[in-house]
>>> print(open('run.pdb').read())   # PDB, C-alpha atoms, pLDDT in the B column
ATOM      1  CA  MET A   1     -43.383  48.889 -24.143  1.00 80.00           C
ATOM      2  CA  THR A   2     -44.975  51.213 -26.668  1.00 89.00           C
ATOM      3  CA  LEU A   3     -45.824  49.917 -30.114  1.00 94.00           C
ATOM      4  CA  ARG A   4     -47.539  51.803 -32.913  1.00 93.00           C
ATOM      5  CA  LEU A   5     -48.601  50.691 -36.360  1.00 94.00           C
ATOM      6  CA  ASP A   6     -48.581  52.951 -39.393  1.00 93.00           C
ATOM      7  CA  ALA A   7     -51.516  51.999 -41.595  1.00 91.00           C
ATOM      8  CA  ALA A   8     -50.017  54.018 -44.472  1.00 91.00           C
ATOM      9  CA  SER A   9     -46.718  52.126 -44.363  1.00 90.00           C
ATOM     10  CA  PRO A  10     -45.933  49.698 -47.182  1.00 91.00           C
ATOM     11  CA  GLU A  11     -44.420  47.459 -44.501  1.00 91.00           C
ATOM     12  CA  PRO A  12     -46.943  44.872 -43.247  1.00 93.00           C
ATOM     13  CA  PRO A  13     -48.098  45.160 -39.614  1.00 95.00           C
ATOM     14  CA  PHE A  14     -46.270  41.999 -38.466  1.00 94.00           C
ATOM     15  CA  ALA A  15     -43.008  43.390 -39.879  1.00 93.00           C
ATOM     16  CA  GLN A  16     -43.592  46.748 -38.185  1.00 94.00           C
ATOM     17  CA  LEU A  17     -44.118  44.966 -34.857  1.00 95.00           C
ATOM     18  CA  ARG A  18     -41.057  42.798 -35.381  1.00 93.00           C
ATOM     19  CA  ALA A  19     -38.888  45.828 -36.177  1.00 92.00           C
ATOM     20  CA  GLN A  20     -40.172  47.832 -33.204  1.00 94.00           C
ATOM     21  CA  VAL A  21     -39.673  45.003 -30.713  1.00 94.00           C
ATOM     22  CA  THR A  22     -36.187  44.359 -32.126  1.00 91.00           C
ATOM     23  CA  ALA A  23     -35.344  48.064 -31.761  1.00 90.00           C
ATOM     24  CA  GLN A  24     -36.674  48.165 -28.198  1.00 92.00           C
ATOM     25  CA  ILE A  25     -34.566  45.157 -27.287  1.00 90.00           C
ATOM     26  CA  GLY A  26     -31.566  46.799 -28.927  1.00 86.00           C
ATOM     27  CA  ASP A  27     -31.948  50.115 -27.133  1.00 87.00           C
ATOM     28  CA  GLY A  28     -32.663  48.524 -23.745  1.00 89.00           C
ATOM     29  CA  THR A  29     -36.329  49.527 -23.512  1.00 92.00           C
ATOM     30  CA  LEU A  30     -37.059  45.801 -23.374  1.00 93.00           C
ATOM     31  CA  ARG A  31     -34.583  43.918 -21.206  1.00 93.00           C
ATOM     32  CA  PRO A  32     -33.784  40.223 -20.811  1.00 93.00           C
ATOM     33  CA  GLY A  33     -36.541  38.530 -18.841  1.00 93.00           C
ATOM     34  CA  ASP A  34     -39.199  41.140 -19.643  1.00 95.00           C
ATOM     35  CA  ARG A  35     -42.588  39.584 -20.358  1.00 96.00           C
ATOM     36  CA  LEU A  36     -44.392  40.745 -23.475  1.00 96.00           C
ATOM     37  CA  PRO A  37     -48.158  41.172 -23.659  1.00 96.00           C
ATOM     38  CA  THR A  38     -50.122  38.127 -24.708  1.00 95.00           C
ATOM     39  CA  VAL A  39     -50.890  37.809 -28.397  1.00 96.00           C
ATOM     40  CA  ARG A  40     -54.560  38.569 -27.817  1.00 96.00           C
ATOM     41  CA  ALA A  41     -53.910  41.507 -25.500  1.00 96.00           C
ATOM     42  CA  LEU A  42     -51.505  43.164 -27.926  1.00 96.00           C
ATOM     43  CA  ALA A  43     -53.786  42.473 -30.897  1.00 97.00           C
ATOM     44  CA  ASP A  44     -56.708  44.069 -29.035  1.00 97.00           C
ATOM     45  CA  GLU A  45     -54.585  47.065 -28.019  1.00 96.00           C
ATOM     46  CA  LEU A  46     -53.422  47.657 -31.608  1.00 96.00           C
ATOM     47  CA  GLY A  47     -56.734  46.755 -33.251  1.00 95.00           C
ATOM     48  CA  ILE A  48     -55.267  43.996 -35.409  1.00 96.00           C
ATOM     49  CA  ALA A  49     -55.764  40.268 -35.857  1.00 96.00           C
ATOM     50  CA  PRO A  50     -54.132  37.990 -33.265  1.00 97.00           C
ATOM     51  CA  ASN A  51     -52.467  36.044 -36.087  1.00 97.00           C
ATOM     52  CA  THR A  52     -50.538  39.196 -37.016  1.00 97.00           C
ATOM     53  CA  VAL A  53     -49.046  39.483 -33.527  1.00 97.00           C
ATOM     54  CA  ALA A  54     -48.451  35.719 -33.390  1.00 96.00           C
ATOM     55  CA  ARG A  55     -46.458  35.870 -36.625  1.00 96.00           C
ATOM     56  CA  ALA A  56     -44.286  38.721 -35.326  1.00 95.00           C
ATOM     57  CA  TYR A  57     -43.658  36.812 -32.085  1.00 96.00           C
ATOM     58  CA  ARG A  58     -42.825  33.594 -34.011  1.00 94.00           C
ATOM     59  CA  GLU A  59     -40.316  35.404 -36.183  1.00 92.00           C
ATOM     60  CA  LEU A  60     -38.744  37.097 -33.159  1.00 93.00           C
ATOM     61  CA  GLU A  61     -38.465  33.686 -31.508  1.00 92.00           C
ATOM     62  CA  ALA A  62     -36.811  32.330 -34.670  1.00 89.00           C
ATOM     63  CA  ASP A  63     -34.388  35.284 -34.466  1.00 87.00           C
ATOM     64  CA  GLY A  64     -33.570  34.248 -30.893  1.00 90.00           C
ATOM     65  CA  LEU A  65     -34.832  37.502 -29.398  1.00 92.00           C
ATOM     66  CA  LEU A  66     -37.908  36.068 -27.668  1.00 94.00           C
ATOM     67  CA  VAL A  67     -38.732  32.785 -26.038  1.00 94.00           C
ATOM     68  CA  GLY A  68     -42.239  31.440 -25.607  1.00 91.00           C
ATOM     69  CA  ARG A  69     -42.854  29.578 -22.362  1.00 90.00           C
ATOM     70  CA  GLY A  70     -46.343  28.274 -23.005  1.00 88.00           C
ATOM     71  CA  ARG A  71     -48.918  29.581 -20.569  1.00 87.00           C
ATOM     72  CA  ALA A  72     -46.205  31.483 -18.663  1.00 90.00           C
ATOM     73  CA  GLY A  73     -45.893  33.927 -21.570  1.00 93.00           C
ATOM     74  CA  THR A  74     -43.380  35.285 -24.037  1.00 95.00           C
ATOM     75  CA  PHE A  75     -40.137  36.771 -22.739  1.00 95.00           C
ATOM     76  CA  VAL A  76     -37.109  38.667 -24.012  1.00 95.00           C
ATOM     77  CA  THR A  77     -34.109  36.355 -24.104  1.00 91.00           C
ATOM     78  CA  ASP A  78     -30.729  37.092 -22.583  1.00 82.00           C
ATOM     79  CA  PRO A  79     -28.021  37.992 -25.160  1.00 68.00           C
ATOM     80  CA  VAL A  80     -25.496  35.917 -23.216  1.00 59.00           C
ATOM     81  CA  ALA A  81     -27.819  32.897 -23.451  1.00 58.00           C
ATOM     82  CA  ARG A  82     -28.037  33.568 -27.206  1.00 54.00           C
ATOM     83  CA  GLY A  83     -24.257  33.382 -27.383  1.00 60.00           C
ATOM     84  CA  GLU A  84     -23.827  37.109 -27.972  1.00 56.00           C
ATOM     85  CA  SER A  85     -21.846  39.541 -25.950  1.00 57.00           C
ATOM     86  CA  ASP A  86     -23.345  42.931 -25.235  1.00 58.00           C
ATOM     87  CA  ASP A  87     -20.642  44.423 -27.484  1.00 62.00           C
ATOM     88  CA  ASP A  88     -21.637  42.142 -30.385  1.00 64.00           C
ATOM     89  CA  HIS A  89     -25.282  43.062 -29.954  1.00 61.00           C
ATOM     90  CA  THR A  90     -24.534  46.781 -29.752  1.00 66.00           C
ATOM     91  CA  ALA A  91     -22.290  46.668 -32.819  1.00 68.00           C
ATOM     92  CA  ALA A  92     -24.939  44.813 -34.798  1.00 74.00           C
ATOM     93  CA  GLU A  93     -27.622  47.319 -33.759  1.00 74.00           C
ATOM     94  CA  GLN A  94     -25.391  50.221 -34.776  1.00 69.00           C
ATOM     95  CA  ALA A  95     -24.650  48.620 -38.147  1.00 73.00           C
ATOM     96  CA  ALA A  96     -28.362  48.011 -38.697  1.00 80.00           C
ATOM     97  CA  ALA A  97     -29.194  51.626 -37.842  1.00 73.00           C
ATOM     98  CA  THR A  98     -26.548  52.855 -40.285  1.00 73.00           C
ATOM     99  CA  TYR A  99     -27.922  50.577 -42.982  1.00 81.00           C
ATOM    100  CA  ALA A 100     -31.479  51.750 -42.319  1.00 81.00           C
ATOM    101  CA  ASP A 101     -30.373  55.387 -42.619  1.00 73.00           C
ATOM    102  CA  THR A 102     -28.585  54.627 -45.895  1.00 79.00           C
ATOM    103  CA  VAL A 103     -31.600  52.790 -47.296  1.00 80.00           C
ATOM    104  CA  ARG A 104     -33.905  55.677 -46.397  1.00 80.00           C
ATOM    105  CA  SER A 105     -31.583  58.209 -48.006  1.00 78.00           C
ATOM    106  CA  LEU A 106     -31.539  56.119 -51.195  1.00 83.00           C
ATOM    107  CA  GLY A 107     -35.336  55.927 -51.218  1.00 86.00           C
ATOM    108  CA  LEU A 108     -35.265  52.116 -51.246  1.00 85.00           C
ATOM    109  CA  ASP A 109     -38.501  50.322 -50.374  1.00 88.00           C
ATOM    110  CA  PRO A 110     -38.235  48.597 -46.934  1.00 88.00           C
ATOM    111  CA  ARG A 111     -39.129  45.217 -48.443  1.00 89.00           C
ATOM    112  CA  GLU A 112     -36.321  45.515 -50.991  1.00 89.00           C
ATOM    113  CA  ALA A 113     -33.914  46.645 -48.257  1.00 88.00           C
ATOM    114  CA  LEU A 114     -34.767  43.521 -46.257  1.00 88.00           C
ATOM    115  CA  ALA A 115     -34.339  41.389 -49.377  1.00 89.00           C
ATOM    116  CA  VAL A 116     -30.856  42.864 -49.841  1.00 87.00           C
ATOM    117  CA  VAL A 117     -29.972  41.888 -46.273  1.00 86.00           C
ATOM    118  CA  ARG A 118     -31.382  38.382 -46.705  1.00 86.00           C
ATOM    119  CA  ARG A 119     -29.307  37.898 -49.868  1.00 87.00           C
ATOM    120  CA  ALA A 120     -26.207  39.176 -48.069  1.00 83.00           C
ATOM    121  CA  LEU A 121     -26.815  36.758 -45.186  1.00 83.00           C
ATOM    122  CA  GLY A 122     -27.608  33.883 -47.554  1.00 83.00           C
ATOM    123  CA  VAL A 123     -31.077  33.293 -46.100  1.00 80.00           C
TER
END
>>> encode(input="run.pdb", output="structure tokens")
Amino acid sequence: MTLRLDAASPEPPFAQLRAQVTAQIGDGTLRPGDRLPTVRALADELGIAPNTVARAYRELEADGLLVGRGRAGTFVTDPVARGESDDDHTAAEQAAATYADTVRSLGLDPREALAVVRRALGV
């Protein structure tokens, strides 16, 4: 798993981490059952506060992409266990990639693009 933060990005570090982990799950780099680095280890590696990594992990857990198992660690969940078929997951990832490309071509700020999605989802 390779994660990089862009200090010049308007997107906060926790959101960058969340997006990168989501993408790596979507493209198969991270597979169901894979263990992620501990919060402290990843924070040290990236040179950021542990709370930043913890927030990204919490939000990914809320999204159903990760599961925390206490001292055992944090793991990628299985799409079947989440009630998704591989086809559903792939279609959603493709739609998200298309949306991201459209947003970039329009010059929309990433935060506003996420707000548009949240409004569309009613969350």
>>> atom_distance(input="run.pdb", atom1="atom CA of Leu114 of chain A", atom2="atom CA of Ala23 of chain A")
15.2 Å
>>> resolve_selection(input="run.pdb", expression="the PyMOL selection byres ((chain A and resi 37-52) around 9)", output="PDB file with C-alpha atoms, in the coordinates of the input")
ATOM      1  CA  LEU A   3     -45.824  49.917 -30.114  1.00 94.00           C
ATOM      2  CA  ARG A   4     -47.539  51.803 -32.913  1.00 93.00           C
ATOM      3  CA  LEU A   5     -48.601  50.691 -36.360  1.00 94.00           C
ATOM      4  CA  PRO A  13     -48.098  45.160 -39.614  1.00 95.00           C
ATOM      5  CA  PHE A  14     -46.270  41.999 -38.466  1.00 94.00           C
ATOM      6  CA  LEU A  17     -44.118  44.966 -34.857  1.00 95.00           C
ATOM      7  CA  ARG A  35     -42.588  39.584 -20.358  1.00 96.00           C
ATOM      8  CA  LEU A  36     -44.392  40.745 -23.475  1.00 96.00           C
ATOM      9  CA  VAL A  53     -49.046  39.483 -33.527  1.00 97.00           C
ATOM     10  CA  ALA A  54     -48.451  35.719 -33.390  1.00 96.00           C
ATOM     11  CA  ARG A  55     -46.458  35.870 -36.625  1.00 96.00           C
ATOM     12  CA  ALA A  56     -44.286  38.721 -35.326  1.00 95.00           C
ATOM     13  CA  TYR A  57     -43.658  36.812 -32.085  1.00 96.00           C
ATOM     14  CA  GLY A  73     -45.893  33.927 -21.570  1.00 93.00           C
ATOM     15  CA  THR A  74     -43.380  35.285 -24.037  1.00 95.00           C
TER      16      THR A  74
END
>>> axis_aligned_box(input="run.pdb", around="segment 100-118 of chain A", padding_each_side="6 Å", output="JSON")
{"center_x": -33.9, "center_y": 48.3, "center_z": -46.8, "size_x": 22.5, "size_y": 31.8, "size_z": 20.9}
>>> residues_around(input="run.pdb", residues="Thr22 of chain A", least_positions_apart="3", cutoff="12 Å", atoms="all atoms listed in the file", output="count of residues only")
30
>>> atom_distance(input="run.pdb", atom1="atom CA of Gln24 of chain A", atom2="atom CA of Ala62 of chain A")
17.1 Å
>>> resolve_selection(input="run.pdb", expression="the PyMOL selection byres ((chain A and resi 111) around 12)", output="number ranges by chain")
A: 9-12, 15-16, 100, 103-104, 107-110, 112-118
>>> write_last_selection(input="run.pdb", atoms="C-alpha atoms", output="PDB file, keeping the file's coordinate frame")
ATOM      1  CA  SER A   9     -46.718  52.126 -44.363  1.00 90.00           C
ATOM      2  CA  PRO A  10     -45.933  49.698 -47.182  1.00 91.00           C
ATOM      3  CA  GLU A  11     -44.420  47.459 -44.501  1.00 91.00           C
ATOM      4  CA  PRO A  12     -46.943  44.872 -43.247  1.00 93.00           C
ATOM      5  CA  ALA A  15     -43.008  43.390 -39.879  1.00 93.00           C
ATOM      6  CA  GLN A  16     -43.592  46.748 -38.185  1.00 94.00           C
ATOM      7  CA  ALA A 100     -31.479  51.750 -42.319  1.00 81.00           C
ATOM      8  CA  VAL A 103     -31.600  52.790 -47.296  1.00 80.00           C
ATOM      9  CA  ARG A 104     -33.905  55.677 -46.397  1.00 80.00           C
ATOM     10  CA  GLY A 107     -35.336  55.927 -51.218  1.00 86.00           C
ATOM     11  CA  LEU A 108     -35.265  52.116 -51.246  1.00 85.00           C
ATOM     12  CA  ASP A 109     -38.501  50.322 -50.374  1.00 88.00           C
ATOM     13  CA  PRO A 110     -38.235  48.597 -46.934  1.00 88.00           C
ATOM     14  CA  GLU A 112     -36.321  45.515 -50.991  1.00 89.00           C
ATOM     15  CA  ALA A 113     -33.914  46.645 -48.257  1.00 88.00           C
ATOM     16  CA  LEU A 114     -34.767  43.521 -46.257  1.00 88.00           C
ATOM     17  CA  ALA A 115     -34.339  41.389 -49.377  1.00 89.00           C
ATOM     18  CA  VAL A 116     -30.856  42.864 -49.841  1.00 87.00           C
ATOM     19  CA  VAL A 117     -29.972  41.888 -46.273  1.00 86.00           C
ATOM     20  CA  ARG A 118     -31.382  38.382 -46.705  1.00 86.00           C
TER      21      ARG A 118
END
>>> atom_distance(input="run.pdb", atom1="atom CA of Leu121 of chain A", atom2="atom CA of Asp101 of chain A")
19.1 Å
